[in-house]
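Coordinates as given in entry.pdb (PDB, C-alpha atoms, pLDDT in the B column):
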ATOM      1  CA  MET B 255      98.141  78.171  95.937  1.00 43.00           C
ATOM      2  CA  SER B 256     101.108  80.265  97.043  1.00 41.00           C
ATOM      3  CA  LYS B 257     104.545  78.953  97.973  1.00 43.00           C
ATOM      4  CA  ASN B 258     103.547  78.870 101.643  1.00 45.00           C
ATOM      5  CA  GLY B 259     100.400  76.826 100.970  1.00 48.00           C
ATOM      6  CA  LEU B 260      97.814  79.602 101.260  1.00 47.00           C
ATOM      7  CA  SER B 261      95.124  80.047  98.644  1.00 49.00           C
ATOM      8  CA  ARG B 262      94.829  83.322  96.713  1.00 44.00           C
ATOM      9  CA  ARG B 263      91.734  84.242  98.732  1.00 48.00           C
ATOM     10  CA  GLN B 264      93.513  83.515 102.037  1.00 48.00           C
ATOM     11  CA  LEU B 265      96.501  85.600 100.986  1.00 41.00           C
ATOM     12  CA  LEU B 266      94.329  88.529  99.986  1.00 39.00           C
ATOM     13  CA  GLN B 267      92.232  88.352 103.121  1.00 43.00           C
ATOM     14  CA  ARG B 268      95.279  88.054 105.351  1.00 44.00           C
ATOM     15  CA  THR B 269      97.225  90.897 103.800  1.00 38.00           C
ATOM     16  CA  LEU B 270      94.252  93.209 103.266  1.00 39.00           C
ATOM     17  CA  ALA B 271      93.169  92.979 106.911  1.00 39.00           C
ATOM     18  CA  TRP B 272      93.524  96.137 108.945  1.00 33.00           C
ATOM     19  CA  THR B 273      93.098  96.574 112.638  1.00 31.00           C
ATOM     20  CA  ALA B 274      91.861 100.107 113.224  1.00 33.00           C
ATOM     21  CA  ALA B 275      91.082 101.977 116.428  1.00 31.00           C
ATOM     22  CA  ALA B 276      89.803 105.407 117.450  1.00 29.00           C
ATOM     23  CA  PRO B 277      92.234 108.319 116.935  1.00 32.00           C
ATOM     24  CA  ALA B 278      93.287 108.481 120.582  1.00 28.00           C
ATOM     25  CA  LEU B 279      94.386 104.841 120.654  1.00 28.00           C
ATOM     26  CA  PRO B 280      97.230 103.029 118.873  1.00 30.00           C
ATOM     27  CA  ALA B 281      96.268 101.895 115.389  1.00 32.00           C
ATOM     28  CA  LEU B 282      97.807  99.297 113.167  1.00 30.00           C
ATOM     29  CA  LEU B 283      97.043  99.486 109.486  1.00 31.00           C
ATOM     30  CA  GLN B 284      98.186  97.022 106.909  1.00 32.00           C
ATOM     31  CA  ALA B 285      97.164  97.453 103.274  1.00 32.00           C
ATOM     32  CA  GLY B 286      97.991  95.700 100.053  1.00 34.00           C
ATOM     33  CA  ALA B 287      98.101  92.109  98.865  1.00 32.00           C
ATOM     34  CA  ALA B 288     100.755  89.431  98.748  1.00 30.00           C
ATOM     35  CA  THR B 289     100.148  87.691  95.456  1.00 29.00           C
ATOM     36  CA  GLN B 290     103.799  88.415  94.723  1.00 30.00           C
ATOM     37  CA  GLU B 291     106.759  89.651  96.711  1.00 32.00           C
ATOM     38  CA  ALA B 292     106.470  93.226  97.942  1.00 35.00           C
ATOM     39  CA  THR B 293     107.848  95.561  95.297  1.00 36.00           C
ATOM     40  CA  ALA B 294     109.206  98.061  97.797  1.00 38.00           C
ATOM     41  CA  PRO B 295     110.292  97.830 101.428  1.00 39.00           C
ATOM     42  CA  ALA B 296     107.970  99.102 104.109  1.00 40.00           C
ATOM     43  CA  GLU B 297     108.909 102.471 105.512  1.00 41.00           C
ATOM     44  CA  THR B 298     108.831 103.556 109.128  1.00 41.00           C
ATOM     45  CA  VAL B 299     107.286 106.993 109.578  1.00 43.00           C
ATOM     46  CA  ALA B 300     107.423 109.060 112.745  1.00 46.00           C
ATOM     47  CA  ALA B 301     104.147 109.456 114.589  1.00 44.00           C
ATOM     48  CA  PRO B 302     102.266 112.763 114.334  1.00 46.00           C
ATOM     49  CA  PRO B 303     102.867 115.385 117.055  1.00 50.00           C
ATOM     50  CA  ARG B 304     102.159 114.263 120.606  1.00 46.00           C
ATOM     51  CA  GLY B 305      98.635 114.940 121.756  1.00 49.00           C
ATOM     52  CA  ARG B 306      96.937 114.288 118.427  1.00 56.00           C
ATOM     53  CA  VAL B 307      97.343 110.608 117.620  1.00 57.00           C
ATOM     54  CA  ARG B 308      99.903 107.897 118.123  1.00 69.00           C
ATOM     55  CA  GLY B 309      99.923 104.736 116.082  1.00 77.00           C
ATOM     56  CA  ALA B 310     101.718 102.417 113.710  1.00 88.00           C
ATOM     57  CA  ILE B 311     101.267 102.277 109.949  1.00 92.00           C
ATOM     58  CA  ALA B 312     102.494  99.411 107.789  1.00 93.00           C
ATOM     59  CA  THR B 313     102.045  99.180 104.023  1.00 94.00           C
ATOM     60  CA  PRO B 314     104.082  97.479 101.278  1.00 92.00           C
ATOM     61  CA  HIS B 315     105.079 100.817  99.698  1.00 94.00           C
ATOM     62  CA  PRO B 316     106.347 104.144 101.130  1.00 94.00           C
ATOM     63  CA  GLU B 317     103.680 106.091  99.230  1.00 96.00           C
ATOM     64  CA  GLY B 318     100.932 104.096 100.924  1.00 96.00           C
ATOM     65  CA  THR B 319     102.511 104.801 104.286  1.00 96.00           C
ATOM     66  CA  ALA B 320     102.820 108.492 103.449  1.00 96.00           C
ATOM     67  CA  ALA B 321      99.147 108.657 102.438  1.00 97.00           C
ATOM     68  CA  ALA B 322      98.003 107.166 105.742  1.00 97.00           C
ATOM     69  CA  THR B 323     100.343 109.364 107.779  1.00 95.00           C
ATOM     70  CA  SER B 324      99.103 112.504 106.070  1.00 96.00           C
ATOM     71  CA  ILE B 325      95.477 111.624 106.791  1.00 96.00           C
ATOM     72  CA  LEU B 326      96.178 111.006 110.480  1.00 94.00           C
ATOM     73  CA  GLN B 327      98.016 114.321 110.702  1.00 93.00           C
ATOM     74  CA  GLN B 328      94.975 116.038 109.166  1.00 95.00           C
ATOM     75  CA  GLY B 329      92.749 114.698 111.928  1.00 93.00           C
ATOM     76  CA  GLY B 330      91.420 111.618 110.205  1.00 94.00           C
ATOM     77  CA  ASN B 331      90.897 108.352 112.033  1.00 93.00           C
ATOM     78  CA  ALA B 332      92.421 104.959 111.297  1.00 94.00           C
ATOM     79  CA  VAL B 333      89.714 103.982 108.789  1.00 96.00           C
ATOM     80  CA  ASP B 334      90.297 107.208 106.857  1.00 97.00           C
ATOM     81  CA  ALA B 335      94.018 106.424 106.847  1.00 96.00           C
ATOM     82  CA  ALA B 336      93.421 102.853 105.665  1.00 96.00           C
ATOM     83  CA  VAL B 337      91.243 104.016 102.760  1.00 97.00           C
ATOM     84  CA  ALA B 338      93.799 106.647 101.694  1.00 98.00           C
ATOM     85  CA  ALA B 339      96.595 104.081 101.884  1.00 97.00           C
ATOM     86  CA  LEU B 340      94.704 101.474  99.862  1.00 96.00           C
ATOM     87  CA  MET B 341      93.735 104.015  97.218  1.00 96.00           C
ATOM     88  CA  THR B 342      97.399 104.991  96.848  1.00 97.00           C
ATOM     89  CA  LEU B 343      98.514 101.357  96.700  1.00 96.00           C
ATOM     90  CA  CYS B 344      96.109 100.898  93.780  1.00 95.00           C
ATOM     91  CA  VAL B 345      98.424 103.292  91.927  1.00 96.00           C
ATOM     92  CA  VAL B 346     101.899 102.188  93.014  1.00 95.00           C
ATOM     93  CA  GLU B 347     101.304  98.431  93.456  1.00 92.00           C
ATOM     94  CA  PRO B 348      99.419  97.524  90.253  1.00 88.00           C
ATOM     95  CA  GLY B 349     100.482  93.883  90.437  1.00 85.00           C
ATOM     96  CA  ASN B 350      99.100  93.472  93.947  1.00 88.00           C
ATOM     97  CA  VAL B 351      95.951  95.557  94.182  1.00 90.00           C
ATOM     98  CA  GLY B 352      93.860  97.801  91.947  1.00 91.00           C
ATOM     99  CA  PHE B 353      90.497  99.522  91.618  1.00 92.00           C
ATOM    100  CA  GLY B 354      89.335  96.751  89.306  1.00 87.00           C
ATOM    101  CA  GLY B 355      91.111  94.015  91.219  1.00 83.00           C
ATOM    102  CA  TYR B 356      90.047  90.944  93.120  1.00 81.00           C
ATOM    103  CA  GLY B 357      89.147  92.798  96.300  1.00 83.00           C
ATOM    104  CA  GLY B 358      89.768  91.941  99.917  1.00 86.00           C
ATOM    105  CA  SER B 359      88.501  92.538 103.415  1.00 89.00           C
ATOM    106  CA  MET B 360      88.843  95.093 106.190  1.00 93.00           C
ATOM    107  CA  ILE B 361      88.739  94.207 109.884  1.00 94.00           C
ATOM    108  CA  ILE B 362      88.042  97.139 112.199  1.00 93.00           C
ATOM    109  CA  CYS B 363      88.342  97.184 115.980  1.00 90.00           C
ATOM    110  CA  LEU B 364      86.081  99.937 117.300  1.00 86.00           C
ATOM    111  CA  ALA B 365      87.157 101.440 120.604  1.00 83.00           C
ATOM    112  CA  ALA B 366      83.638 102.711 121.258  1.00 81.00           C
ATOM    113  CA  GLY B 367      81.646  99.683 122.277  1.00 78.00           C
ATOM    114  CA  LYS B 368      84.742  97.475 122.170  1.00 84.00           C
ATOM    115  CA  ARG B 369      83.610  95.469 119.186  1.00 89.00           C
ATOM    116  CA  VAL B 370      85.121  94.155 115.985  1.00 93.00           C
ATOM    117  CA  THR B 371      83.474  94.376 112.584  1.00 93.00           C
ATOM    118  CA  ALA B 372      84.523  93.103 109.173  1.00 94.00           C
ATOM    119  CA  ILE B 373      83.784  94.312 105.654  1.00 94.00           C
ATOM    120  CA  ASP B 374      84.195  91.787 102.838  1.00 93.00           C
ATOM    121  CA  PHE B 375      84.675  93.394  99.433  1.00 92.00           C
ATOM    122  CA  ASP B 376      85.895  90.499  97.349  1.00 89.00           C
ATOM    123  CA  SER B 377      84.863  90.489  93.716  1.00 86.00           C
ATOM    124  CA  ARG B 378      82.161  88.093  92.586  1.00 83.00           C
ATOM    125  CA  ALA B 379      81.085  86.417  89.379  1.00 79.00           C
ATOM    126  CA  PRO B 380      78.148  87.940  87.466  1.00 79.00           C
ATOM    127  CA  LEU B 381      74.839  86.397  88.573  1.00 82.00           C
ATOM    128  CA  ALA B 382      74.026  85.381  84.997  1.00 83.00           C
ATOM    129  CA  LEU B 383      77.328  83.584  84.432  1.00 82.00           C
ATOM    130  CA  ASN B 384      76.952  80.125  82.935  1.00 83.00           C
ATOM    131  CA  PRO B 385      79.637  77.929  84.571  1.00 80.00           C
ATOM    132  CA  GLU B 386      79.689  75.654  81.519  1.00 83.00           C
ATOM    133  CA  VAL B 387      80.996  78.527  79.391  1.00 80.00           C
ATOM    134  CA  LEU B 388      83.876  79.277  81.746  1.00 79.00           C
ATOM    135  CA  THR B 389      86.474  76.705  80.757  1.00 80.00           C
ATOM    136  CA  GLU B 390      89.767  76.407  82.611  1.00 78.00           C
ATOM    137  CA  LYS B 391      91.545  78.298  79.841  1.00 77.00           C
ATOM    138  CA  LEU B 392      89.040  81.168  79.760  1.00 77.00           C
ATOM    139  CA  ALA B 393      89.019  81.423  83.565  1.00 75.00           C
ATOM    140  CA  GLY B 394      92.701  82.305  83.631  1.00 74.00           C
ATOM    141  CA  ARG B 395      92.786  85.320  81.338  1.00 73.00           C
ATOM    142  CA  GLY B 396      90.437  87.520  79.350  1.00 73.00           C
ATOM    143  CA  TYR B 397      87.131  89.280  79.910  1.00 75.00           C
ATOM    144  CA  LEU B 398      85.336  86.148  81.137  1.00 77.00           C
ATOM    145  CA  ALA B 399      87.939  85.773  83.888  1.00 77.00           C
ATOM    146  CA  ALA B 400      87.155  89.187  85.385  1.00 78.00           C
ATOM    147  CA  GLY B 401      84.961  89.339  88.473  1.00 81.00           C
ATOM    148  CA  VAL B 402      82.764  92.293  89.381  1.00 84.00           C
ATOM    149  CA  PRO B 403      85.249  94.476  91.310  1.00 87.00           C
ATOM    150  CA  GLY B 404      84.485  95.465  94.886  1.00 91.00           C
ATOM    151  CA  VAL B 405      87.515  97.512  95.962  1.00 94.00           C
ATOM    152  CA  VAL B 406      85.972 100.972  95.523  1.00 95.00           C
ATOM    153  CA  ALA B 407      82.669  99.831  97.033  1.00 94.00           C
ATOM    154  CA  GLY B 408      84.502  98.416 100.039  1.00 94.00           C
ATOM    155  CA  MET B 409      86.434 101.625 100.650  1.00 95.00           C
ATOM    156  CA  ASP B 410      83.250 103.654 100.244  1.00 96.00           C
ATOM    157  CA  LEU B 411      81.301 101.532 102.730  1.00 96.00           C
ATOM    158  CA  ALA B 412      84.077 101.681 105.328  1.00 96.00           C
ATOM    159  CA  HIS B 413      84.335 105.447 104.914  1.00 97.00           C
ATOM    160  CA  ARG B 414      80.594 106.091 105.124  1.00 96.00           C
ATOM    161  CA  ARG B 415      80.180 103.984 108.240  1.00 95.00           C
ATOM    162  CA  TYR B 416      83.354 104.737 110.168  1.00 95.00           C
ATOM    163  CA  GLY B 417      85.338 107.519 108.461  1.00 95.00           C
ATOM    164  CA  ARG B 418      85.656 111.101 109.619  1.00 95.00           C
ATOM    165  CA  LEU B 419      87.211 113.229 106.862  1.00 97.00           C
ATOM    166  CA  PRO B 420      85.489 114.044 103.531  1.00 97.00           C
ATOM    167  CA  TRP B 421      85.825 111.338 100.876  1.00 97.00           C
ATOM    168  CA  LYS B 422      87.577 113.656  98.426  1.00 97.00           C
ATOM    169  CA  GLN B 423      90.244 114.435 101.013  1.00 97.00           C
ATOM    170  CA  LEU B 424      91.140 110.747 101.187  1.00 97.00           C
ATOM    171  CA  THR B 425      91.869 110.640  97.445  1.00 97.00           C
ATOM    172  CA  THR B 426      94.362 113.520  97.463  1.00 97.00           C
ATOM    173  CA  HIS B 427      97.602 111.577  97.870  1.00 97.00           C
ATOM    174  CA  ALA B 428      96.663 108.865  95.379  1.00 98.00           C
ATOM    175  CA  LEU B 429      95.669 111.475  92.808  1.00 97.00           C
ATOM    176  CA  ASN B 430      98.884 113.413  93.312  1.00 97.00           C
ATOM    177  CA  VAL B 431     101.012 110.289  92.813  1.00 97.00           C
ATOM    178  CA  ALA B 432      99.054 109.249  89.712  1.00 96.00           C
ATOM    179  CA  GLU B 433      99.211 112.704  88.108  1.00 96.00           C
ATOM    180  CA  HIS B 434     102.896 113.324  88.816  1.00 96.00           C
ATOM    181  CA  GLY B 435     104.113 109.744  88.541  1.00 95.00           C
ATOM    182  CA  PHE B 436     106.183 107.465  90.734  1.00 95.00           C
ATOM    183  CA  THR B 437     109.461 105.619  90.402  1.00 95.00           C
ATOM    184  CA  VAL B 438     109.100 102.099  89.051  1.00 94.00           C
ATOM    185  CA  THR B 439     110.737  99.463  91.227  1.00 92.00           C
ATOM    186  CA  PRO B 440     112.286  96.286  89.787  1.00 94.00           C
ATOM    187  CA  GLY B 441     109.328  94.276  91.099  1.00 91.00           C
ATOM    188  CA  ILE B 442     106.765  96.501  89.393  1.00 92.00           C
ATOM    189  CA  ALA B 443     108.794  96.569  86.179  1.00 94.00           C
ATOM    190  CA  GLY B 444     108.789  92.764  86.121  1.00 94.00           C
ATOM    191  CA  CYS B 445     105.081  92.631  86.810  1.00 92.00           C
ATOM    192  CA  LEU B 446     104.281  95.094  84.030  1.00 92.00           C
ATOM    193  CA  ASP B 447     106.550  93.234  81.633  1.00 94.00           C
ATOM    194  CA  ARG B 448     104.721  89.959  82.311  1.00 92.00           C
ATOM    195  CA  PHE B 449     101.407  91.703  81.704  1.00 89.00           C
ATOM    196  CA  TYR B 450     102.682  93.215  78.452  1.00 92.00           C
ATOM    197  CA  LYS B 451     103.916  89.883  77.110  1.00 92.00           C
ATOM    198  CA  GLY B 452     100.782  87.969  78.054  1.00 87.00           C
ATOM    199  CA  SER B 453      98.100  90.491  77.179  1.00 85.00           C
ATOM    200  CA  ASP B 454      96.168  91.371  74.044  1.00 86.00           C
ATOM    201  CA  PRO B 455      97.069  94.419  71.895  1.00 90.00           C
ATOM    202  CA  VAL B 456      94.077  96.502  73.016  1.00 89.00           C
ATOM    203  CA  SER B 457      94.873  96.026  76.700  1.00 85.00           C
ATOM    204  CA  ARG B 458      98.543  96.789  76.116  1.00 89.00           C
ATOM    205  CA  ARG B 459      97.727 100.063  74.372  1.00 88.00           C
ATOM    206  CA  ALA B 460      95.376 101.041  77.203  1.00 84.00           C
ATOM    207  CA  LEU B 461      98.078 100.662  79.844  1.00 85.00           C
ATOM    208  CA  PHE B 462     101.111 101.579  77.713  1.00 88.00           C
ATOM    209  CA  PRO B 463     100.122 104.266  75.168  1.00 86.00           C
ATOM    210  CA  ASP B 464     103.710 104.474  73.909  1.00 87.00           C
ATOM    211  CA  ASP B 465     103.801 100.673  73.502  1.00 90.00           C
ATOM    212  CA  ARG B 466     106.629 100.009  75.936  1.00 91.00           C
ATOM    213  CA  VAL B 467     107.030  98.952  79.542  1.00 93.00           C
ATOM    214  CA  PRO B 468     108.669 101.493  81.887  1.00 93.00           C
ATOM    215  CA  ALA B 469     112.045 100.322  83.146  1.00 94.00           C
ATOM    216  CA  ALA B 470     113.075 100.060  86.780  1.00 95.00           C
ATOM    217  CA  GLY B 471     114.103 103.479  88.071  1.00 95.00           C
ATOM    218  CA  GLU B 472     111.989 105.300  85.489  1.00 95.00           C
ATOM    219  CA  LEU B 473     109.207 107.725  86.380  1.00 95.00           C
ATOM    220  CA  TRP B 474     105.855 106.312  85.314  1.00 93.00           C
ATOM    221  CA  VAL B 475     102.759 108.508  85.018  1.00 92.00           C
ATOM    222  CA  PRO B 476      99.552 106.411  84.687  1.00 91.00           C
ATOM    223  CA  ASN B 477      97.407 109.134  83.122  1.00 89.00           C
ATOM    224  CA  ASP B 478      94.251 107.032  82.680  1.00 90.00           C
ATOM    225  CA  LEU B 479      94.396 106.002  86.318  1.00 93.00           C
ATOM    226  CA  ALA B 480      94.772 109.629  87.374  1.00 95.00           C
ATOM    227  CA  ARG B 481      91.617 110.519  85.436  1.00 95.00           C
ATOM    228  CA  LEU B 482      89.748 107.657  87.097  1.00 95.00           C
ATOM    229  CA  ILE B 483      90.790 108.791  90.581  1.00 97.00           C
ATOM    230  CA  ARG B 484      89.649 112.328  89.816  1.00 97.00           C
ATOM    231  CA  VAL B 485      86.244 110.985  88.753  1.00 96.00           C
ATOM    232  CA  ILE B 486      86.016 108.983  91.980  1.00 95.00           C
ATOM    233  CA  ALA B 487      87.152 111.996  94.001  1.00 96.00           C
ATOM    234  CA  ASP B 488      84.658 114.411  92.450  1.00 95.00           C
ATOM    235  CA  GLY B 489      81.698 112.126  91.850  1.00 93.00           C
ATOM    236  CA  GLY B 490      82.043 109.655  94.720  1.00 92.00           C
ATOM    237  CA  ALA B 491      82.380 105.911  94.667  1.00 89.00           C
TER     238      ALA B 491
END
Show me this structure written as structure tokens.
Amino acid sequence: MSKNGLSRRQLLQRTLAWTAAAPALPALLQAGAATQEATAPAETVAAPPRGRVRGAIATPHPEGTAAATSILQQGGNAVDAAVAALMTLCVVEPGNVGFGGYGGSMIICLAAGKRVTAIDFDSRAPLALNPEVLTEKLAGRGYLAAGVPGVVAGMDLAHRRYGRLPWKQLTTHALNVAEHGFTVTPGIAGCLDRFYKGSDPVSRRALFPDDRVPAAGELWVPNDLARLIRVIADGGA
């Protein structure tokens, strides 16, 4: 339970809910998760030129906002923008959301037909899991605690059903940030430090090849993550 009384699932569902509309109508996008305090303030970005699209974009990190804005300016719709934002947040908000993370949900308001649809892409336990094996200790950390991730599948389904731009185009901003790096905020530095101290040596080496946690204000380039995004971009979800 969080400090405000919400369960982890409720927090994820609440903060990963987006309300999206057709390009000609206002759109409100909110991406990310709130399992910890936001690591960077939201950023207000001017709307694209008049006559194309007007809307509002809200994410917990400026790079997520920039990704969504760029997609709208390229002619994408709100679902395209939401996918691009979430993919970027998987890079810059590793403590809140990730490609292998818990998952979430997307709520879409479709102007055509005036209906609302929801996509649930929470992770799930393997079908063959024996509950008796999963003790309270093992459920908190380690390979048995990992659910089957649904984040990429959720983005892919939303894009295939309601997106407009090519899938690879939606990965561009996230890939650029991962390949060139981003500035570590104090919140992210603290999150990474907690992971480093509580993780096993193999996992630490995978995330920190030089065996140290990047400090706040330092440029961090997650090379493995960049390679993963390129695979997703080129080969699809």
Problem set entry | Selected residue, from B:Ala399, B:Ile442, B:Gly489, B:Thr342, that lies nearest to Val387 of chain B when counting all atoms listed in the file |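 When distances to Val387 of chain B are compared using all atoms listed in the file, the smallest one comes from B:Ala399.
Considering the residues B:Cys445, B:Val431, B:Ala407, B:Val345 and counting all atoms listed in the file, Gly490 of chain B has its shortest atom-to-atom contact with B:Ala407.
Each of B:Lys451, B:Arg466, B:His434, B:Arg459 was checked against Ala480 of chain B using all atoms listed in the file; the smallest atom-to-atom distance is that of B:His434.
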Exercise. Pick the closest to Leu326 of chain B from B:Asn350, B:Glu386, B:Leu398, B:Ala339: which is it, counting only C-alpha atoms?
Worked result: B:Ala339
Problem set entry | Given all atoms listed in the file as the counted atoms, nearest of B:Phe449, B:Phe353, B:Phe462, B:Trp474 to Met409 of chain B |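 Looking only at the distances to Met409 of chain B, the closest residue turns out to be B:Phe353.
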For this session: Select, from B:Ile361, B:Ile373, B:Leu424, B:Ala382, the residue with the minimum atom-to-atom distance to Ser324 of chain B, counting all atoms listed in the file.
Result: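 Using all atoms listed in the file, the shortest distance to Ser324 of chain B belongs to B:Leu424.
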Seminar exercise, completed: In Å and to one decimal, atom CA of Val467 of chain B is distant from atom CA of Leu446 of chain B by 6.5 Å
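The residues caught by the PyMOL selection byres ((chain B and resi 408) around 8) in this file are Ser359, Ile373, Asp374, Phe375, Gly404, Val405, Val406, Ala407, Met409, Asp410, Leu411 and Ala412 of chain B.
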Exercise. Atom CA of Arg415 of chain B to atom CA of Gln328 of chain B: how many Å, to one decimal?
Worked result: 19.1 Å
Padded axis-aligned box of segment 471-478 of chain B (4 Å per side), centre and edge lengths, Å, one decimal, as AutoDock Vina command-line options:
--center_x 104.2 --center_y 106.3 --center_z 85.4 --size_x 27.9 --size_y 13.7 --size_z 13.4
Seminar exercise, completed: Computed gap from atom CA of Ala322 of chain B to atom CA of Ala336 of chain B is 6.3 Å
Exercise. Which neighbours of Leu461 of chain B fall inside 12 Å, counting only C-alpha atoms, when residues of the same chain fewer than 5 positions from it are skipped, and could you give them as JSON, numbers by chain?
Worked result: {"B": [348, 446, 447, 449, 450, 453, 454, 455, 456, 466, 467, 468, 474, 475, 476, 477, 478, 479]}
Exercise. Could you pull the residues within 10 Å of Gln423 of chain B, counting all atoms listed in the file, minus those fewer than 2 positions along the same chain, as a PyMOL selection string?
Worked result: chain B and resi 325+328+330+334+338+419-421+425-427+487
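Close contacts of segment 377-380 of chain B, defined as residues with an atom at most 6 Å away when counting only C-alpha atoms, with chain neighbours fewer than 2 positions off set aside, comprise Tyr356, Gly357, Ala382, Leu383, Gly401, Val402, Pro403 and Gly404 of chain B.
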Problem set entry | Within 9 Å of Thr371 of chain B using only C-alpha atoms, minus same-chain residues under 4 positions, as a ChimeraX atom specification | /B:360-364
